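Encoded as structure tokens, the structure appears first; notes follow it.
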Amino acid sequence: MGELTISTFLSLDGVMQAPGGPTEDPSGDFTLGGWLVPLFDDGVGAAMTEIFTKVDAFLLGRTTYDIFAAYWPNVPSPEDNGLNTLPKFVASRTRDSFSWNATSHIQDVVKDVPGLKQRFAREIQVHGSCGLAQTLIENDLIDEYRLFTFPVLLGSGKRLFGAGTVPASLTLVSSHTTGSGVVVSVYRRAGSLVTGSY
């Protein structure tokens with residue numbers, strides 16, 4: 001059975017919105033798009049390349065799908081990391097038809113994700129997809145988090161862990177820092193949150 005993993009770029013204060021460019025996602029009057037670009041070094045690239053070696057399928061939110069579909073079809077294999085050929089599932093409440101090769105619609109993420117895990121032997125990967133991530137976190141559907149924390153503060157924007165986050169425990173699997181100061185951390189689900197007292 002496959003696992004659902006999420007890989008995302010974050011500022012130190014937890015913002016994941018529009019890391020790659022000024023016009024990527026200006027919703028909510030976000031004006032700091034492209035905040036990761038000066039810090040994206042070889043270490044970040046190597047970590048992302050390794051993540052893509054584990055994928056059997058992708059699960060994307062509609063906004064991330066639109067960003068990817070405008071770019072990746074122009075990238076030749078094998079530089080496309082399988083994005084042009086592997087199955088892609090898009091969670092959307094507003095669209096049900098997608099033209100990028102090997103793309104299908106997911107109507108009900110909570111109901112459909114367990115079935116997706118049964119269909120694939122390796123990972124179903126979520127990249128970016130802030131709105132989708134909120135639903136997955138709220139329903140405890142993510143098996144592993146790969147968080148790339150960049151040493152910047154943004155102060156506003158969409159955050160990975162929003163108001164609907166369910167308290168839970170995680171286990172740190174690995175962590176390393178790249179030359180530009182990006183902390184790459186891998187966490188796995190570890191059950192319910194345990195509290196205590198001093």
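Labels for the structure tokens follow display order: chains A, B, ..., residues from 1 in each chain, ligands from 1.
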
Contact residues around A:Ser7 with only C-alpha atoms at 10 Å, ignoring same-chain residues under 4 positions, as a ChimeraX atom specification: /A:48,51,125-129,144-148,185-186

Wanna dump the stretch 3-80 of chain A-stretch 84-91 of chain A contacts at 6 Å for me, each residue with its shortest atom pair and the distance in Å to one decimal, counting only C-alpha atoms, ordered by chain and number, as a Markdown table?
| residue | atom | partner | partner_atom | distance |
| --- | --- | --- | --- | --- |
| A:Ala57 | CA | A:Pro87 | CA | 4.9 |
| A:Phe58 | CA | A:Lys88 | CA | 4.7 |
| A:Leu59 | CA | A:Phe89 | CA | 4.8 |
| A:Leu60 | CA | A:Val90 | CA | 4.9 |
| A:Gly61 | CA | A:Ala91 | CA | 5.2 |

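You can rank A:Pro78, A:Ser99, A:Thr5, A:Gly34 by their closest distance to A:Asp56 using only C-alpha atoms, and at the top of that list sits A:Thr5.
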
Who sits within 10 Å of A:Phe68, only C-alpha atoms, same chain under 5 positions skipped, as JSON, numbers by chain: {"A": [60, 62, 63, 73, 83, 84, 100]}

For A:Arg122: contacts at 9 Å, only C-alpha atoms, fewer than 5 positions along chain excluded, given as a PyMOL selection string: chain A and resi 1-4+54-57+117

Residue list (alpha helix (DSSP H), DSSP) for stretch 43-138 of chain A, as a VMD selection string: chain A and resid 43 to 52 62 to 71 109 to 119 130 to 138

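For the residues A:Val15, A:Ile6, A:Val152, A:Leu141, ranking by smallest atom-to-atom distance to A:Pro38 using only C-alpha atoms places A:Val152 first.
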
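Among the candidate residues A:Gly164, A:Pro19, A:Gly45, A:Gly14, the one lying nearest to A:Ser180 is A:Gly45, with distances computed using only C-alpha atoms.
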
Residues of stretch 41-188 of chain A in strand (DSSP E or B), written as a ChimeraX atom specification: /A:55-61,88-91,103-106,123-127,144-150,159,170-177,183-188

Only C-alpha atoms, please: the residues just picked out, written as a PDB file, in the first residue's frame.
ATOM      1  CA  VAL A  55       6.790   8.956  -6.410  1.00  0.00           C
ATOM      2  CA  ASP A  56       4.127   6.840  -8.124  1.00  0.00           C
ATOM      3  CA  ALA A  57       1.449   9.558  -8.425  1.00  0.00           C
ATOM      4  CA  PHE A  58       0.718  13.185  -7.537  1.00  0.00           C
ATOM      5  CA  LEU A  59      -2.201  14.715  -5.651  1.00  0.00           C
ATOM      6  CA  LEU A  60      -2.511  18.447  -6.273  1.00  0.00           C
ATOM      7  CA  GLY A  61      -4.777  21.334  -5.411  1.00  0.00           C
ATOM      8  CA  LYS A  88      -1.934  13.239 -11.373  1.00  0.00           C
ATOM      9  CA  PHE A  89      -5.091  13.707  -9.305  1.00  0.00           C
ATOM     10  CA  VAL A  90      -6.513  17.186  -8.822  1.00  0.00           C
ATOM     11  CA  ALA A  91      -8.749  18.053  -5.890  1.00  0.00           C
ATOM     12  CA  THR A 103      -4.641  13.981 -14.988  1.00  0.00           C
ATOM     13  CA  SER A 104      -7.876  12.963 -13.232  1.00  0.00           C
ATOM     14  CA  HIS A 105     -10.322  14.803 -11.006  1.00  0.00           C
ATOM     15  CA  ILE A 106     -10.835  14.037  -7.302  1.00  0.00           C
ATOM     16  CA  GLU A 123       4.169   7.477  -2.684  1.00  0.00           C
ATOM     17  CA  ILE A 124       1.321   9.712  -3.688  1.00  0.00           C
ATOM     18  CA  GLN A 125       3.006  13.080  -3.352  1.00  0.00           C
ATOM     19  CA  VAL A 126       1.478  16.453  -2.555  1.00  0.00           C
ATOM     20  CA  HIS A 127       3.574  19.486  -3.475  1.00  0.00           C
ATOM     21  CA  GLU A 144       4.993  11.991   6.080  1.00  0.00           C
ATOM     22  CA  TYR A 145       5.846  15.695   5.982  1.00  0.00           C
ATOM     23  CA  ARG A 146       8.957  16.988   4.143  1.00  0.00           C
ATOM     24  CA  LEU A 147       9.371  20.591   5.252  1.00  0.00           C
ATOM     25  CA  PHE A 148      11.907  22.945   3.701  1.00  0.00           C
ATOM     26  CA  THR A 149      12.161  25.863   6.136  1.00  0.00           C
ATOM     27  CA  PHE A 150      13.846  28.941   4.667  1.00  0.00           C
ATOM     28  CA  ARG A 159       0.286  28.962   6.151  1.00  0.00           C
ATOM     29  CA  LEU A 170       5.045  13.796  15.024  1.00  0.00           C
ATOM     30  CA  THR A 171       8.352  11.945  14.976  1.00  0.00           C
ATOM     31  CA  LEU A 172      11.394  13.652  13.468  1.00  0.00           C
ATOM     32  CA  VAL A 173      12.921  11.171  11.009  1.00  0.00           C
ATOM     33  CA  SER A 174      15.756  13.305   9.705  1.00  0.00           C
ATOM     34  CA  SER A 175      16.955  16.883   9.493  1.00  0.00           C
ATOM     35  CA  HIS A 176      19.810  18.644   7.771  1.00  0.00           C
ATOM     36  CA  THR A 177      20.736  22.177   6.794  1.00  0.00           C
ATOM     37  CA  VAL A 183      16.486  23.341   7.170  1.00  0.00           C
ATOM     38  CA  VAL A 184      15.154  20.184   5.495  1.00  0.00           C
ATOM     39  CA  SER A 185      13.134  18.159   8.025  1.00  0.00           C
ATOM     40  CA  VAL A 186      11.181  14.941   7.601  1.00  0.00           C
ATOM     41  CA  TYR A 187       8.399  14.102  10.085  1.00  0.00           C
ATOM     42  CA  ARG A 188       6.064  11.123  10.359  1.00  0.00           C
TER      43      ARG A 188
END

Distance criterion (only C-alpha atoms): nearest to A:Glu79 out of A:Phe52, A:Val166, A:Val44, A:Val113: A:Phe52

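Closest approach to A:Leu153 from the set A:Asp42, A:Asp13, A:Asp108, A:Asp96 is made by A:Asp13, with distances taken over only C-alpha atoms.
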
Closest of A:Pro114, A:Pro151, A:Gly191, A:Gly82 to A:Leu12 - atom-to-atom distances counting only C-alpha atoms: A:Pro151

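We find atom CA of A:Asp41 and atom CA of A:Gly20 to be spaced 13.3 Å apart.
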
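Coordinates place atom CA of A:Glu50 at a distance of 18.7 Å from atom CA of A:Phe120.
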
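Interatomic distance, atom CA of A:Asp140 against atom CA of A:Tyr65: 22.4 Å.
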